[in-house]
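What follows is a set of notes on a single structure, which appears directly below.
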Amino acid sequence: MDVVTEVVYRANVSVSGGRVGRATSDDGLLDLALARPGSGDGVNPEQLLAAGWGACFLSTIHAIGRKAGIDTSAAMIQVGVTLGKDAEQLFALKADFDVAIPGLATDVVADLVEQAHGRCPYSRALSTTIEIRTSIDGAAA
């Protein structure tokens, strides 16, 4: 059974060389050197995941806010993606989200964040396989 029943957009990226290679999109807008974390030789996959997930998540917060009549235009998100090892010594990921929306009460921001995790396609796809921790203005949510 297909999960996607209507295509809105499809990204096509070619990768060569793995973590020490290159990623290029078919439209030519993405052309990045890839590198192992910490090497300083290029962007690593964890940074790309954090950027994509953060952008999608923040857009989801904006959509929820618009529908509820809440101004989220000042919202910011910091996303950290950690590459580590699990109990079986296999590589695993975890994500930390810190959301700030100046001018809104913490409980309102917490509600927006909770709703966004339920609607953001990245969060929905990854929440069963990645530990996600969320904070609001640096305080655990």
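Residue numbering restarts at 1 for every chain of the structure tokens, chains are lettered A, B, ... in their displayed order, and ligands are numbered from 1 as they appear.
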*asked:* Neighbouring residues of stretch 71-84 of chain A were defined as those with any atom within 10 Å, considering only C-alpha atoms; residues of the same chain fewer than 6 positions away were excluded. Please report them as an MDAnalysis selection string.
replied: chainID A and resid 37 45:55 57:59 61:65 90:104 109 112 130:138
Go ahead and write the residues just picked, N, CA and C atoms, as a CSV table (one decimal), in the first residue's frame.
```csv
chain,number,residue,atom,x,y,z
A,37,PRO,N,31.6,13.7,9.7
A,37,PRO,CA,31.4,14.8,10.8
A,37,PRO,C,32.7,15.2,11.4
A,45,PRO,N,25.9,14.2,6.4
A,45,PRO,CA,24.5,13.9,6.3
A,45,PRO,C,23.7,14.3,7.5
A,46,GLU,N,24.3,14.3,8.7
A,46,GLU,CA,23.5,14.7,9.9
A,46,GLU,C,23.1,16.2,9.8
A,47,GLN,N,24.0,17.1,9.2
A,47,GLN,CA,23.7,18.5,9.0
A,47,GLN,C,22.6,18.6,8.0
A,48,LEU,N,22.6,17.8,7.0
A,48,LEU,CA,21.5,17.9,6.0
A,48,LEU,C,20.2,17.5,6.6
A,49,LEU,N,20.2,16.4,7.4
A,49,LEU,CA,19.0,16.0,8.0
A,49,LEU,C,18.4,17.1,9.0
A,50,ALA,N,19.3,17.7,9.8
A,50,ALA,CA,18.9,18.7,10.7
A,50,ALA,C,18.3,19.9,9.9
A,51,ALA,N,18.9,20.3,8.8
A,51,ALA,CA,18.4,21.4,8.1
A,51,ALA,C,17.1,21.1,7.4
A,52,GLY,N,16.9,20.0,6.8
A,52,GLY,CA,15.7,19.6,6.2
A,52,GLY,C,14.6,19.5,7.2
A,53,TRP,N,14.9,18.8,8.3
A,53,TRP,CA,13.8,18.5,9.3
A,53,TRP,C,13.5,19.8,10.0
A,54,GLY,N,14.4,20.6,10.3
A,54,GLY,CA,14.2,21.9,10.9
A,54,GLY,C,13.3,22.8,10.1
A,55,ALA,N,13.6,22.9,8.8
A,55,ALA,CA,12.8,23.8,7.9
A,55,ALA,C,11.4,23.3,7.8
A,57,PHE,N,9.8,21.3,9.9
A,57,PHE,CA,9.1,21.5,11.2
A,57,PHE,C,8.7,22.9,11.5
A,58,LEU,N,9.5,23.8,11.2
A,58,LEU,CA,9.2,25.2,11.4
A,58,LEU,C,8.0,25.7,10.5
A,59,SER,N,8.1,25.2,9.2
A,59,SER,CA,7.0,25.5,8.3
A,59,SER,C,5.6,24.9,8.8
A,61,ILE,N,4.9,24.5,12.0
A,61,ILE,CA,4.5,25.4,13.1
A,61,ILE,C,3.8,26.6,12.6
A,62,HIS,N,4.4,27.2,11.5
A,62,HIS,CA,3.7,28.4,10.9
A,62,HIS,C,2.3,28.0,10.4
A,63,ALA,N,2.2,26.9,9.7
A,63,ALA,CA,0.9,26.5,9.2
A,63,ALA,C,-0.2,26.3,10.3
A,64,ILE,N,0.3,25.7,11.4
A,64,ILE,CA,-0.7,25.5,12.5
A,64,ILE,C,-1.0,26.8,13.1
A,65,GLY,N,0.0,27.7,13.3
A,65,GLY,CA,-0.3,29.0,13.9
A,65,GLY,C,-1.2,29.8,13.0
A,90,LEU,N,25.5,-0.5,16.9
A,90,LEU,CA,25.2,-0.1,15.6
A,90,LEU,C,25.0,1.4,15.6
A,91,PHE,N,25.3,2.0,14.5
A,91,PHE,CA,25.1,3.5,14.4
A,91,PHE,C,23.6,3.8,14.6
A,92,ALA,N,23.3,4.9,15.3
A,92,ALA,CA,21.9,5.3,15.6
A,92,ALA,C,21.9,6.8,15.6
A,93,LEU,N,20.7,7.4,15.5
A,93,LEU,CA,20.5,8.8,15.5
A,93,LEU,C,19.6,9.2,16.6
A,94,LYS,N,19.8,10.5,17.1
A,94,LYS,CA,18.8,11.1,18.0
A,94,LYS,C,18.8,12.5,17.6
A,95,ALA,N,17.7,13.2,17.9
A,95,ALA,CA,17.5,14.6,17.5
A,95,ALA,C,17.0,15.4,18.7
A,96,ASP,N,17.6,16.6,18.8
A,96,ASP,CA,17.2,17.6,19.8
A,96,ASP,C,16.6,18.8,19.1
A,97,PHE,N,15.4,19.2,19.5
A,97,PHE,CA,14.8,20.4,19.0
A,97,PHE,C,14.7,21.5,20.1
A,98,ASP,N,15.1,22.7,19.8
A,98,ASP,CA,14.9,23.8,20.8
A,98,ASP,C,14.1,24.8,20.0
A,99,VAL,N,12.9,25.1,20.4
A,99,VAL,CA,12.0,26.0,19.7
A,99,VAL,C,11.8,27.3,20.5
A,100,ALA,N,11.9,28.4,19.9
A,100,ALA,CA,11.6,29.7,20.6
A,100,ALA,C,10.6,30.5,19.7
A,101,ILE,N,9.6,31.0,20.4
A,101,ILE,CA,8.7,31.9,19.7
A,101,ILE,C,8.5,33.1,20.6
A,102,PRO,N,9.3,34.1,20.4
A,102,PRO,CA,9.2,35.3,21.3
A,102,PRO,C,7.7,35.9,21.3
A,103,GLY,N,7.3,36.2,22.5
A,103,GLY,CA,6.0,36.8,22.6
A,103,GLY,C,4.9,35.9,22.9
A,104,LEU,N,5.2,34.6,22.9
A,104,LEU,CA,4.1,33.6,23.2
A,104,LEU,C,4.4,32.9,24.5
A,109,VAL,N,3.5,27.6,23.0
A,109,VAL,CA,4.6,27.1,22.2
A,109,VAL,C,4.7,25.6,22.3
A,112,LEU,N,2.0,24.1,20.2
A,112,LEU,CA,2.3,24.1,18.8
A,112,LEU,C,3.4,23.1,18.4
A,130,ILE,N,13.9,7.3,15.9
A,130,ILE,CA,14.9,8.2,16.4
A,130,ILE,C,14.3,8.8,17.7
A,131,GLU,N,15.2,8.8,18.7
A,131,GLU,CA,14.8,9.5,19.9
A,131,GLU,C,14.8,11.0,19.7
A,132,ILE,N,13.7,11.7,20.0
A,132,ILE,CA,13.5,13.1,19.8
A,132,ILE,C,13.3,13.8,21.1
A,133,ARG,N,14.1,14.7,21.5
A,133,ARG,CA,13.9,15.5,22.7
A,133,ARG,C,13.6,16.9,22.3
A,134,THR,N,12.7,17.5,22.9
A,134,THR,CA,12.2,18.9,22.6
A,134,THR,C,12.4,19.8,23.8
A,135,SER,N,12.8,21.0,23.5
A,135,SER,CA,12.9,22.0,24.6
A,135,SER,C,12.3,23.3,24.0
A,136,ILE,N,11.9,24.2,24.9
A,136,ILE,CA,11.4,25.5,24.5
A,136,ILE,C,12.2,26.5,25.2
A,137,ASP,N,12.9,27.4,24.4
A,137,ASP,CA,13.8,28.4,24.9
A,137,ASP,C,14.8,27.7,25.9
A,138,GLY,N,15.3,26.6,25.5
A,138,GLY,CA,16.3,25.9,26.3
A,138,GLY,C,15.8,25.1,27.5
```
_Going by DSSP on the backbone, which residues of chain A come out as alpha helix (DSSP H)? List them as JSON, numbers by chain._
{"A": [45, 46, 47, 48, 49, 50, 51, 52, 53, 54, 55, 56, 57, 58, 59, 60, 61, 62, 63, 64, 65, 66, 67, 68, 106, 107, 108, 109, 110, 111, 112, 113, 114, 115, 116, 117, 118, 119, 121, 122, 123, 124, 125, 126]}
Would you output that residue set with C-alpha atoms, as an mmCIF file, in the first residue's frame?
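File written: selection24.cif
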```
data_model
loop_
_atom_site.group_PDB
_atom_site.id
_atom_site.type_symbol
_atom_site.label_atom_id
_atom_site.label_comp_id
_atom_site.auth_asym_id
_atom_site.auth_seq_id
_atom_site.Cartn_x
_atom_site.Cartn_y
_atom_site.Cartn_z
ATOM 1 C CA PRO A 45 24.496 13.881 6.289
ATOM 2 C CA GLU A 46 23.528 14.742 9.868
ATOM 3 C CA GLN A 47 23.713 18.464 9.042
ATOM 4 C CA LEU A 48 21.533 17.908 5.976
ATOM 5 C CA LEU A 49 18.961 15.993 8.030
ATOM 6 C CA ALA A 50 18.922 18.725 10.698
ATOM 7 C CA ALA A 51 18.448 21.444 8.054
ATOM 8 C CA GLY A 52 15.675 19.645 6.183
ATOM 9 C CA TRP A 53 13.843 18.513 9.301
ATOM 10 C CA GLY A 54 14.158 21.920 10.944
ATOM 11 C CA ALA A 55 12.835 23.754 7.878
ATOM 12 C CA CYS A 56 9.890 21.380 7.505
ATOM 13 C CA PHE A 57 9.102 21.457 11.232
ATOM 14 C CA LEU A 58 9.182 25.247 11.415
ATOM 15 C CA SER A 59 6.955 25.509 8.330
ATOM 16 C CA THR A 60 4.530 23.133 10.046
ATOM 17 C CA ILE A 61 4.483 25.372 13.139
ATOM 18 C CA HIS A 62 3.739 28.360 10.899
ATOM 19 C CA ALA A 63 0.867 26.501 9.189
ATOM 20 C CA ILE A 64 -0.656 25.462 12.516
ATOM 21 C CA GLY A 65 -0.254 29.002 13.858
ATOM 22 C CA ARG A 66 -1.932 30.555 10.804
ATOM 23 C CA LYS A 67 -4.890 28.209 11.119
ATOM 24 C CA ALA A 68 -5.229 29.023 14.851
ATOM 25 C CA THR A 106 5.512 28.580 26.978
ATOM 26 C CA ASP A 107 2.358 26.456 27.126
ATOM 27 C CA VAL A 108 1.200 27.841 23.753
ATOM 28 C CA VAL A 109 4.600 27.098 22.194
ATOM 29 C CA ALA A 110 4.574 23.605 23.724
ATOM 30 C CA ASP A 111 1.157 22.939 22.190
ATOM 31 C CA LEU A 112 2.320 24.149 18.765
ATOM 32 C CA VAL A 113 5.424 21.943 19.001
ATOM 33 C CA GLU A 114 3.390 18.892 19.990
ATOM 34 C CA GLN A 115 0.993 19.444 17.100
ATOM 35 C CA ALA A 116 3.887 20.004 14.696
ATOM 36 C CA HIS A 117 5.519 16.686 15.646
ATOM 37 C CA GLY A 118 2.216 15.013 14.767
ATOM 38 C CA ARG A 119 1.951 16.743 11.387
ATOM 39 C CA PRO A 121 6.298 14.537 7.610
ATOM 40 C CA TYR A 122 9.886 14.255 8.878
ATOM 41 C CA SER A 123 8.744 13.897 12.485
ATOM 42 C CA ARG A 124 6.043 11.413 11.554
ATOM 43 C CA ALA A 125 8.479 9.308 9.537
ATOM 44 C CA LEU A 126 11.326 9.378 12.040
#
```
_Ranking A:Asn44, A:Thr129, A:Thr5, A:Ser14 by minimum distance to A:Asp26 and counting only C-alpha atoms, which one comes first?_
A:Ser14
*asked:* So that I can check the surroundings of A:Gly42, please list as a count of residues only every protein, DNA and RNA residue that reaches within 12 Å of it, counting only C-alpha atoms and ignoring chain neighbours fewer than 2 positions away.
replied: 20
_Distance of atom CA of A:Leu29 from atom CA of A:Val7, expressed in Å to one decimal place_ = 20.6 Å
*At what distance in Å, to one decimal, does atom CA of A:Asn12 lie from atom CA of A:Thr24?*
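Computed distance, atom CA of A:Thr24 to atom CA of A:Asn12, equals 8.5 Å.
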*Å distance separating atom CA of A:Ala11 from atom CA of A:Gly28, one decimal place*: 11.4 Å
*Please identify which residues in chain A DSSP calls strand (DSSP E) from the backbone, and express them as a ChimeraX atom specification.*
/A:13-16,22-25,31-33,76-85,91-100,131-136,139-140
